[in-house]
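Trainee: Have a peek at my_file-v6.cif (mmCIF, C-alpha atoms).
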data_work
#
loop_
_atom_site.label_atom_id
_atom_site.label_comp_id
_atom_site.auth_asym_id
_atom_site.auth_seq_id
_atom_site.Cartn_x
_atom_site.Cartn_y
_atom_site.Cartn_z
CA MET A 1094 58.34 79.55 26.45
CA LEU A 1095 59.98 80.65 23.19
CA ARG A 1096 62.83 78.25 23.72
CA TYR A 1097 60.34 75.34 23.53
CA LEU A 1098 58.82 76.57 20.28
CA PRO A 1099 61.20 74.57 18.00
CA LEU A 1100 60.44 71.43 20.00
CA LEU A 1101 56.70 72.02 19.71
CA LEU A 1102 57.01 72.63 15.97
CA CYS A 1103 59.06 69.48 15.54
CA LEU A 1104 56.53 67.40 17.51
CA CYS A 1105 53.67 68.82 15.50
CA LEU A 1106 55.38 68.18 12.18
CA CYS A 1107 56.40 64.67 13.16
CA THR A 1108 53.05 63.58 14.57
CA CYS A 1109 50.59 65.61 12.56
CA GLY A 1110 50.05 64.37 9.09
CA PRO A 1111 47.24 64.80 6.69
CA ALA A 1112 43.91 63.74 8.08
CA PRO A 1113 43.01 60.20 7.02
CA GLU A 1114 40.58 60.02 4.15
CA PRO A 1115 37.09 59.14 5.26
CA PRO A 1116 35.90 55.76 4.01
CA ALA A 1117 33.96 55.86 0.80
CA PRO A 1118 30.25 55.65 1.54
CA LEU A 1119 28.23 52.70 0.38
CA PRO A 1120 26.30 53.32 -2.82
CA THR A 1121 22.57 53.83 -2.46
CA LEU A 1122 21.00 50.41 -2.08
CA GLY A 1123 17.55 49.29 -3.08
CA ASN A 1124 15.37 46.40 -1.97
CA ALA A 1125 12.34 44.42 -3.13
CA GLY A 1126 10.22 47.55 -3.11
CA ARG A 1127 12.70 49.90 -4.74
CA THR A 1128 14.94 49.01 -7.66
CA VAL A 1129 18.21 50.95 -7.81
CA ILE A 1130 20.06 50.65 -11.12
CA TYR A 1131 23.67 51.61 -11.83
CA ASP A 1132 25.06 51.62 -15.35
CA ASP A 1133 28.74 51.99 -14.43
CA PHE A 1134 30.71 49.87 -11.98
CA SER A 1135 32.58 52.92 -10.69
CA GLN A 1136 29.29 54.04 -9.10
CA ILE A 1137 29.25 51.00 -6.80
CA GLU A 1138 32.96 50.24 -6.45
CA SER A 1139 33.08 51.52 -2.87
CA LEU A 1140 30.84 48.58 -1.91
CA PHE A 1141 33.89 46.30 -2.17
CA TYR A 1142 36.31 48.34 -0.08
CA GLN A 1143 34.61 49.14 3.21
CA GLN A 1144 37.01 49.20 6.14
CA ASN A 1145 34.63 49.02 9.09
CA ASP A 1146 33.88 46.12 11.43
CA THR A 1147 31.10 44.77 9.25
CA THR A 1148 31.34 41.53 7.31
CA TYR A 1149 29.99 41.97 3.79
CA VAL A 1150 28.37 39.24 1.71
CA VAL A 1151 28.03 40.56 -1.84
CA ASN A 1152 26.26 38.15 -4.15
CA PHE A 1153 26.27 38.56 -7.93
CA TRP A 1154 23.24 36.94 -9.53
CA ALA A 1155 20.76 37.21 -12.40
CA THR A 1156 17.13 36.23 -12.86
CA TRP A 1157 18.02 33.78 -15.64
CA CYS A 1158 20.52 31.91 -13.41
CA LYS A 1159 18.83 28.95 -11.69
CA PRO A 1160 21.63 28.28 -9.12
CA CYS A 1161 21.53 32.00 -8.27
CA ARG A 1162 17.82 31.93 -7.60
CA GLU A 1163 18.19 28.75 -5.53
CA GLU A 1164 20.79 30.23 -3.16
CA ILE A 1165 19.13 33.59 -2.54
CA PRO A 1166 16.80 32.13 0.14
CA PHE A 1167 19.96 31.02 2.00
CA LEU A 1168 21.22 34.59 1.87
CA GLN A 1169 17.91 35.85 3.27
CA ARG A 1170 18.10 33.28 6.06
CA LEU A 1171 21.66 34.37 6.80
CA ALA A 1172 20.56 37.99 7.07
CA ASN A 1173 17.67 37.01 9.36
CA GLU A 1174 19.83 34.88 11.65
CA THR A 1175 22.63 37.44 11.92
CA ALA A 1176 20.46 40.53 12.29
CA ASP A 1177 22.11 41.26 15.66
CA GLN A 1178 25.63 41.02 14.21
CA LYS A 1179 27.69 43.31 12.00
CA LEU A 1180 26.95 41.46 8.78
CA ARG A 1181 25.48 42.92 5.61
CA VAL A 1182 24.12 40.88 2.70
CA ILE A 1183 23.83 42.74 -0.60
CA LEU A 1184 22.55 41.33 -3.88
CA VAL A 1185 23.97 42.66 -7.14
CA SER A 1186 21.87 41.66 -10.13
CA LEU A 1187 23.73 41.60 -13.43
CA ASP A 1188 20.53 41.51 -15.46
CA THR A 1189 20.66 43.94 -18.37
CA GLU A 1190 17.47 43.10 -20.28
CA ALA A 1191 14.58 45.43 -19.40
CA GLY A 1192 12.07 42.60 -18.95
CA ALA A 1193 14.36 40.76 -16.52
CA ILE A 1194 14.99 43.91 -14.51
CA LYS A 1195 11.24 44.44 -14.32
CA ARG A 1196 10.83 40.94 -12.75
CA ILE A 1197 13.40 41.54 -9.97
CA PRO A 1198 11.09 43.29 -7.47
CA GLN A 1199 8.53 40.48 -7.51
CA PHE A 1200 11.21 37.80 -7.23
CA LEU A 1201 12.83 39.58 -4.27
CA SER A 1202 9.44 40.16 -2.62
CA ASP A 1203 8.81 36.42 -2.83
CA VAL A 1204 12.17 35.06 -1.64
CA ALA A 1205 14.34 37.83 -0.18
CA PRO A 1206 12.22 40.76 0.95
CA GLY A 1207 14.73 41.88 3.56
CA LEU A 1208 17.88 42.01 1.45
CA ALA A 1209 19.53 45.11 0.09
CA SER A 1210 19.95 44.97 -3.65
CA ILE A 1211 21.13 46.83 -6.70
CA VAL A 1212 21.14 46.20 -10.42
CA LEU A 1213 24.41 46.71 -12.29
CA THR A 1214 23.97 46.99 -16.06
CA ASP A 1215 27.64 47.72 -16.88
CA GLU A 1216 28.52 45.13 -19.53
CA ASP A 1217 32.22 46.02 -19.76
CA PRO A 1218 33.97 42.86 -18.47
CA ALA A 1219 37.00 44.83 -17.24
CA TRP A 1220 35.35 45.85 -13.97
CA GLY A 1221 35.19 42.22 -12.78
CA LYS A 1222 38.99 41.98 -12.66
CA SER A 1223 39.11 44.92 -10.25
CA ILE A 1224 37.37 42.89 -7.55
CA ASP A 1225 38.60 39.41 -8.43
CA ARG A 1226 41.54 39.01 -10.79
CA VAL A 1227 40.39 35.61 -12.09
CA TRP A 1228 36.63 36.09 -12.22
CA THR A 1229 35.26 35.46 -15.70
CA GLY A 1230 31.76 36.66 -14.96
CA ASN A 1231 30.34 33.27 -13.99
CA LEU A 1232 27.21 33.40 -11.87
CA PRO A 1233 26.57 33.09 -9.09
CA THR A 1234 29.66 34.63 -7.54
CA THR A 1235 29.80 35.75 -3.94
CA ILE A 1236 32.42 37.95 -2.35
CA LEU A 1237 32.76 37.66 1.41
CA TYR A 1238 34.96 40.24 3.05
CA LYS A 1239 35.77 42.14 6.19
CA LYS A 1240 38.28 44.94 5.85
CA ASP A 1241 41.20 43.41 3.89
CA LEU A 1242 40.30 39.74 4.39
CA ARG A 1243 38.45 38.60 1.26
CA PHE A 1244 37.12 35.32 -0.08
CA VAL A 1245 35.57 34.83 -3.52
CA TYR A 1246 33.23 31.96 -4.30
CA ARG A 1247 32.72 31.56 -8.04
CA ARG A 1248 29.99 29.00 -7.58
CA ASN A 1249 26.73 28.66 -5.72
CA PHE A 1250 26.32 27.56 -2.14
CA PRO A 1251 24.30 24.34 -2.48
CA THR A 1252 23.21 24.40 1.18
CA TYR A 1253 22.81 26.92 3.96
CA ILE A 1254 25.50 25.10 5.96
CA ASP A 1255 27.97 25.66 3.10
CA LEU A 1256 27.24 29.37 3.18
CA ARG A 1257 27.61 29.60 6.97
CA SER A 1258 30.86 27.62 6.86
CA ALA A 1259 32.31 30.01 4.29
CA LEU A 1260 31.76 32.86 6.75
CA ASP A 1261 33.57 31.22 9.66
CA PRO A 1262 36.93 32.93 8.98
CA LEU A 1263 35.25 36.35 8.99
CA ILE A 1264 32.69 36.18 11.76
CA GLY A 1265 34.04 37.06 15.17
CA ARG A 1266 37.32 38.51 13.89
#
Please express the file's structure as structure tokens.
Mentor:
Amino acid sequence: MLRYLPLLLCLCLCTCGPAPEPPAPLPTLGNAGRTVIYDDFSQIESLFYQQNDTTYVVNFWATWCKPCREEIPFLQRLANETADQKLRVILVSLDTEAGAIKRIPQFLSDVAPGLASIVLTDEDPAWGKSIDRVWTGNLPTTILYKKDLRFVYRRNFPTYIDLRSALDPLIGR
């Protein structure tokens, strides 16, 4: 038995490495009934780097942005129609004015009661480059991703069909 000890040690050293790091958990998400506000992008950064089998649709919007408000019902419809799939729609409001933030719950109750949402009040433009190197902060912007496959849409989806088509490369992979 002792003569096999070096072999066992070698096998253990060659095959045993440090345990993989667990994936970063999603930040706490709110909804129409509960507003969750983050003041620093680092608090929500893990939202953009999930490595599970879920497709993420992360939509940046603001209450003052008309195209944003027009596409949110499409995102709610998407969430409804894909409820049995591994797809998660999350709204990230970039409103920073207190009055606008106060209007978010009613707006979401009216048009997107089932969507997860957060408010990000971090006004430092540097965080945008960490998730999309060319994003200038234009709204709406939607990031669609699954693991390492990522698509960024720096415009609105004018129709529901446009939104569904954008997801084709990610769904079913």
Trainee: Selection in question (the file shown): the PyMOL selection byres ((chain A and resi 1175-1182) around 7). Which residues does it include, as a PDB file with C-alpha atoms, in the frame of the given file?
Mentor:
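Saved to expr.pdb:
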ATOM      1  CA  ASP A1146      33.880  46.120  11.430  1.00  0.00           C
ATOM      2  CA  THR A1147      31.100  44.770   9.250  1.00  0.00           C
ATOM      3  CA  THR A1148      31.340  41.530   7.310  1.00  0.00           C
ATOM      4  CA  TYR A1149      29.990  41.970   3.790  1.00  0.00           C
ATOM      5  CA  VAL A1150      28.370  39.240   1.710  1.00  0.00           C
ATOM      6  CA  VAL A1151      28.030  40.560  -1.840  1.00  0.00           C
ATOM      7  CA  LEU A1168      21.220  34.590   1.870  1.00  0.00           C
ATOM      8  CA  LEU A1171      21.660  34.370   6.800  1.00  0.00           C
ATOM      9  CA  ALA A1172      20.560  37.990   7.070  1.00  0.00           C
ATOM     10  CA  ASN A1173      17.670  37.010   9.360  1.00  0.00           C
ATOM     11  CA  GLU A1174      19.830  34.880  11.650  1.00  0.00           C
ATOM     12  CA  ILE A1183      23.830  42.740  -0.600  1.00  0.00           C
ATOM     13  CA  LEU A1184      22.550  41.330  -3.880  1.00  0.00           C
ATOM     14  CA  LEU A1208      17.880  42.010   1.450  1.00  0.00           C
ATOM     15  CA  ALA A1209      19.530  45.110   0.090  1.00  0.00           C
TER      16      ALA A1209
END
Trainee: Counting all atoms listed in the file, which of A:Trp1220, A:Phe1200, A:Tyr1253, A:Phe1244 gets nearest to Glu1138 in chain A?
Mentor: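 Checking each candidate against Glu1138 in chain A, we get A:Trp1220 as the closest.
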Trainee: Which residue gives the smallest distance to Tyr1131 in chain A among A:Thr1214, A:Asp1203, A:Gly1192, A:Leu1187, with all atoms listed in the file counted?
Mentor: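 Using all atoms listed in the file, the shortest distance to Tyr1131 in chain A belongs to A:Thr1214.
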Trainee: Tell me which residues the PyMOL selection byres ((chain A and resi 1153-1155) around 7) grabs here, as a PyMOL selection string.
Mentor: chain A and resi 1151-1152+1156-1158+1161+1184-1188+1232-1235
Trainee: Using Å and a single decimal, report how far CA of Glu1164 in chain A sits from CA of Pro1218 in chain A.
Mentor: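 Computing it gives 23.8 Å between the two atoms.
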Trainee: Restricting the calculation to only C-alpha atoms: of A:Gly1126, A:Ala1117, A:Arg1170, A:Gln1144, which residue gets closest to Arg1257 in chain A?
Mentor: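 Smallest separation from Arg1257 in chain A among the options: A:Arg1170.
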Trainee: Quote the spacing between CA of Ile1254 in chain A and CA of Phe1141 in chain A in Å to one decimal place.
Mentor: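 These two atoms are separated by 24.2 Å.
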Trainee: So which one's closest to Tyr1142 in chain A, A:Ile1211, A:Ala1259, A:Leu1237, A:Ala1205? Using only C-alpha atoms, please.
Mentor: A:Leu1237
Trainee: Can you measure CA of Lys1195 in chain A to CA of Ile1137 in chain A for me? One decimal in Å is fine.
Mentor: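 Separation of CA of Lys1195 in chain A and CA of Ile1137 in chain A: 20.6 Å.
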